[in-house]
Amino acid sequence: MNNDTTKDVVRMHNVRFTWPGKRGFGIRIDDFAMQQGERLLLLGPSGSGKSTLLSLLAGIVTPQAGCIEVLGTDINRLGSAARDHFRAEHFGIIFQMFNLLPYGAVMDNVLLPLSFAPKRRQRTEQAGGAQSEAHRLLNALGLNQELHDSPASQLSVGQQQRVAVARALIGAPEIIIADEPTSALDRDRQNTFLDLLFSQVGHADASLIMVSHDETHASRFGRVAELNDIIRLEAAS
Ligand code: ADP
Ligand code: MG
């Protein structure tokens, strides 16, 4: 079903999802697409399903029905190991709580996704090596060289967030997913963080989908959508 002329990186069609064992929350996504290079912000209040949508998109959870196509691959037809591999290769994911390895050095955190993503590793090798690419990203994100070997837990929240961005971007995955990445930062730091994120996403020519309950930064995005225009809540039984 892939049509090269439109360059959709993501298509969801007739998707239905309920959390196993959880009554009262079910979602339906009739049609949703995202184009190559798009910078999309999805807005919705807490509990509206933003993180659930991102989990579906990245193949972390599987819908009960429907089709989720990423870069031309129907990800729910992949077995779970193949889906994990697909996610590692093609998605850079910035979680709300960053999920860094606290005792790991900053560099180890940034290099980690490459262990599961040979194509991303190869891209870093073409760019001069994984180590130098990790240093380049960290420096571009404003983390000085002397911090690169520190344990991640010794960094401030804002600095840890930059490590999470470098980890998502290393090896230039096609799609960057960011789940409320600014929620722990004050306004000034949010702006700095987004400046850096956008410039690095542009450098990698990636597509960006960010979800948030906060519309403050909407004007930076090429497309802004309300979550409830994309997903319908259904009472699941
Ligand atoms: P948001 O990210 O917009 O705050 P979520 O997608 O996290 O919303 O949550 C939407 C609904 O799905 C909520 O009712 C929440 O309790 C439920 N939910 C989220 N994650 C899980 C999970 N792992 N198991 C069961 N229910 C979940
Ligand atoms: Mg959430």
# chains A, B, ... in the order shown; residues from 1 in each chain; ligands from 1
call {"tool": "residues_around", "arguments": {"residues": "Leu141 (chain A)", "least_positions_apart": "6", "cutoff": "8 Å", "atoms": "only C-alpha atoms", "output": "PyMOL selection string"}}
result
chain A and resi 162+166+196-197
call {"tool": "residues_near_ligand", "arguments": {"ligand": "ligand 1", "cutoff": "9 Å", "atoms": "only C-alpha atoms and all ligand atoms", "output": "PDB file with C-alpha atoms, in the first residue's frame"}}
result
ATOM      1  CA  THR A  18      -7.824  -1.259  24.518  1.00  0.00           C
ATOM      2  CA  TRP A  19      -5.384  -1.874  27.351  1.00  0.00           C
ATOM      3  CA  PRO A  20      -5.653  -5.528  28.370  1.00  0.00           C
ATOM      4  CA  GLY A  21      -7.785  -5.941  31.448  1.00  0.00           C
ATOM      5  CA  LYS A  22      -8.628  -2.255  31.603  1.00  0.00           C
ATOM      6  CA  ARG A  23     -12.257  -1.322  31.248  1.00  0.00           C
ATOM      7  CA  GLY A  24     -13.520   2.084  30.254  1.00  0.00           C
ATOM      8  CA  PHE A  25     -10.712   3.229  27.972  1.00  0.00           C
ATOM      9  CA  GLY A  26     -10.566   2.262  24.351  1.00  0.00           C
ATOM     10  CA  LEU A  43      -2.154  18.298  22.065  1.00  0.00           C
ATOM     11  CA  GLY A  44      -4.414  16.680  24.628  1.00  0.00           C
ATOM     12  CA  PRO A  45      -5.050  16.736  28.368  1.00  0.00           C
ATOM     13  CA  SER A  46      -3.582  14.209  30.753  1.00  0.00           C
ATOM     14  CA  GLY A  47      -5.144  10.755  30.369  1.00  0.00           C
ATOM     15  CA  SER A  48      -6.403  11.439  26.845  1.00  0.00           C
ATOM     16  CA  GLY A  49      -4.235   8.749  25.248  1.00  0.00           C
ATOM     17  CA  LYS A  50      -1.143  10.616  24.018  1.00  0.00           C
ATOM     18  CA  SER A  51       1.359   8.109  25.362  1.00  0.00           C
ATOM     19  CA  THR A  52      -0.856   5.245  24.207  1.00  0.00           C
ATOM     20  CA  LEU A  53      -0.843   6.623  20.656  1.00  0.00           C
ATOM     21  CA  LEU A  54       2.962   6.875  20.685  1.00  0.00           C
ATOM     22  CA  SER A  55       3.235   3.321  22.039  1.00  0.00           C
ATOM     23  CA  ASP A 179       6.520  12.311  24.947  1.00  0.00           C
ATOM     24  CA  GLU A 180       6.047  15.600  26.870  1.00  0.00           C
ATOM     25  CA  VAL A 211       2.843  15.092  22.327  1.00  0.00           C
ATOM     26  CA  SER A 212       2.050  17.569  25.067  1.00  0.00           C
ATOM     27  CA  HIS A 213      -0.751  18.935  27.209  1.00  0.00           C
ATOM     28  CA  LEU A 227      -5.607  14.509  19.916  1.00  0.00           C
TER      29      LEU A 227
END
call {"tool": "atom_distance", "arguments": {"atom1": "CA of Thr62 (chain A)", "atom2": "CA of Arg223 (chain A)"}}
result
26.1 Å
call {"tool": "residues_around", "arguments": {"residues": "Gln122 (chain A)", "least_positions_apart": "4", "cutoff": "12 Å", "atoms": "only C-alpha atoms", "output": "ChimeraX atom specification"}}
result
/A:89,114-118,126-130,133,170-173
call {"tool": "write_last_selection", "arguments": {"atoms": "N, CA and C atoms", "output": "PDB file, in the first residue's frame"}}
result
ATOM      1  N   GLU A  89      15.868   0.556  15.060  1.00  0.00           N
ATOM      2  CA  GLU A  89      16.472   1.123  13.845  1.00  0.00           C
ATOM      3  C   GLU A  89      15.841   2.442  13.424  1.00  0.00           C
ATOM      4  N   LEU A 114      22.655   2.034  19.563  1.00  0.00           N
ATOM      5  CA  LEU A 114      23.390   1.484  18.425  1.00  0.00           C
ATOM      6  C   LEU A 114      23.616  -0.018  18.564  1.00  0.00           C
ATOM      7  N   SER A 115      23.599  -0.520  19.806  1.00  0.00           N
ATOM      8  CA  SER A 115      23.783  -1.965  20.021  1.00  0.00           C
ATOM      9  C   SER A 115      22.671  -2.771  19.376  1.00  0.00           C
ATOM     10  N   PHE A 116      21.495  -2.135  19.218  1.00  0.00           N
ATOM     11  CA  PHE A 116      20.337  -2.864  18.686  1.00  0.00           C
ATOM     12  C   PHE A 116      20.006  -2.426  17.262  1.00  0.00           C
ATOM     13  N   ALA A 117      20.819  -1.548  16.684  1.00  0.00           N
ATOM     14  CA  ALA A 117      20.441  -0.920  15.420  1.00  0.00           C
ATOM     15  C   ALA A 117      21.644  -0.805  14.485  1.00  0.00           C
ATOM     16  N   PRO A 118      21.943  -1.918  13.761  1.00  0.00           N
ATOM     17  CA  PRO A 118      23.130  -1.912  12.899  1.00  0.00           C
ATOM     18  C   PRO A 118      23.147  -0.796  11.852  1.00  0.00           C
ATOM     19  N   GLN A 126      29.928   6.035   8.998  1.00  0.00           N
ATOM     20  CA  GLN A 126      30.145   6.879   7.815  1.00  0.00           C
ATOM     21  C   GLN A 126      30.402   8.332   8.204  1.00  0.00           C
ATOM     22  N   ALA A 127      29.875   8.733   9.358  1.00  0.00           N
ATOM     23  CA  ALA A 127      30.040  10.132   9.795  1.00  0.00           C
ATOM     24  C   ALA A 127      31.305  10.318  10.646  1.00  0.00           C
ATOM     25  N   GLY A 128      32.153   9.289  10.721  1.00  0.00           N
ATOM     26  CA  GLY A 128      33.415   9.458  11.452  1.00  0.00           C
ATOM     27  C   GLY A 128      33.537   8.622  12.713  1.00  0.00           C
ATOM     28  N   GLY A 129      32.534   7.754  12.972  1.00  0.00           N
ATOM     29  CA  GLY A 129      32.609   6.845  14.121  1.00  0.00           C
ATOM     30  C   GLY A 129      31.566   7.174  15.167  1.00  0.00           C
ATOM     31  N   ALA A 130      31.150   6.113  15.877  1.00  0.00           N
ATOM     32  CA  ALA A 130      30.078   6.261  16.864  1.00  0.00           C
ATOM     33  C   ALA A 130      30.481   7.213  17.991  1.00  0.00           C
ATOM     34  N   GLU A 133      30.576  10.819  16.808  1.00  0.00           N
ATOM     35  CA  GLU A 133      29.212  11.280  16.542  1.00  0.00           C
ATOM     36  C   GLU A 133      28.477  11.572  17.869  1.00  0.00           C
ATOM     37  N   ILE A 170      21.096   9.775  17.715  1.00  0.00           N
ATOM     38  CA  ILE A 170      22.332   9.174  17.197  1.00  0.00           C
ATOM     39  C   ILE A 170      22.025   8.147  16.095  1.00  0.00           C
ATOM     40  N   GLY A 171      22.798   8.215  15.021  1.00  0.00           N
ATOM     41  CA  GLY A 171      22.590   7.302  13.905  1.00  0.00           C
ATOM     42  C   GLY A 171      21.403   7.665  13.035  1.00  0.00           C
ATOM     43  N   ALA A 172      20.855   8.867  13.251  1.00  0.00           N
ATOM     44  CA  ALA A 172      19.821   9.441  12.382  1.00  0.00           C
ATOM     45  C   ALA A 172      18.644   8.516  12.065  1.00  0.00           C
ATOM     46  N   PRO A 173      17.887   8.064  13.109  1.00  0.00           N
ATOM     47  CA  PRO A 173      16.659   7.315  12.815  1.00  0.00           C
ATOM     48  C   PRO A 173      15.664   8.244  12.105  1.00  0.00           C
TER      49      PRO A 173
END
call {"tool": "select_by_dssp", "arguments": {"residues": "region 9-231 of chain A", "states": "strand (DSSP E or B)", "output": "VMD selection string"}}
result
chain A and resid 9 to 18 26 to 35 39 to 43 65 to 70 73 to 74 91 to 94 105 151 175 to 179 207 to 212 223 to 226
call {"tool": "closest_residue", "arguments": {"among": "A:Gln200, A:Ser80, A:Asn14, A:Ser150", "to": "Asp108 (chain A)", "atoms": "only C-alpha atoms"}}
result
A:Ser150
call {"tool": "residues_around", "arguments": {"residues": "Asp74 (chain A)", "least_positions_apart": "3", "cutoff": "12 Å", "atoms": "only C-alpha atoms", "output": "JSON, numbers by chain"}}
result
{"A": [1, 2, 9, 10, 11, 12, 13, 56, 57, 58, 59, 62, 63, 66, 67, 68, 69, 70, 71, 77, 78, 79, 82, 83, 86]}
call {"tool": "closest_residue", "arguments": {"among": "A:Ala105, A:Phe95, A:Gln131, A:Val165", "to": "ligand 2", "atoms": "only C-alpha atoms and all ligand atoms"}}
result
A:Phe95
call {"tool": "closest_residue", "arguments": {"among": "A:Asp205, A:Arg189, A:Arg123, A:Pro102", "to": "Ala164 (chain A)", "atoms": "only C-alpha atoms"}}
result
A:Pro102
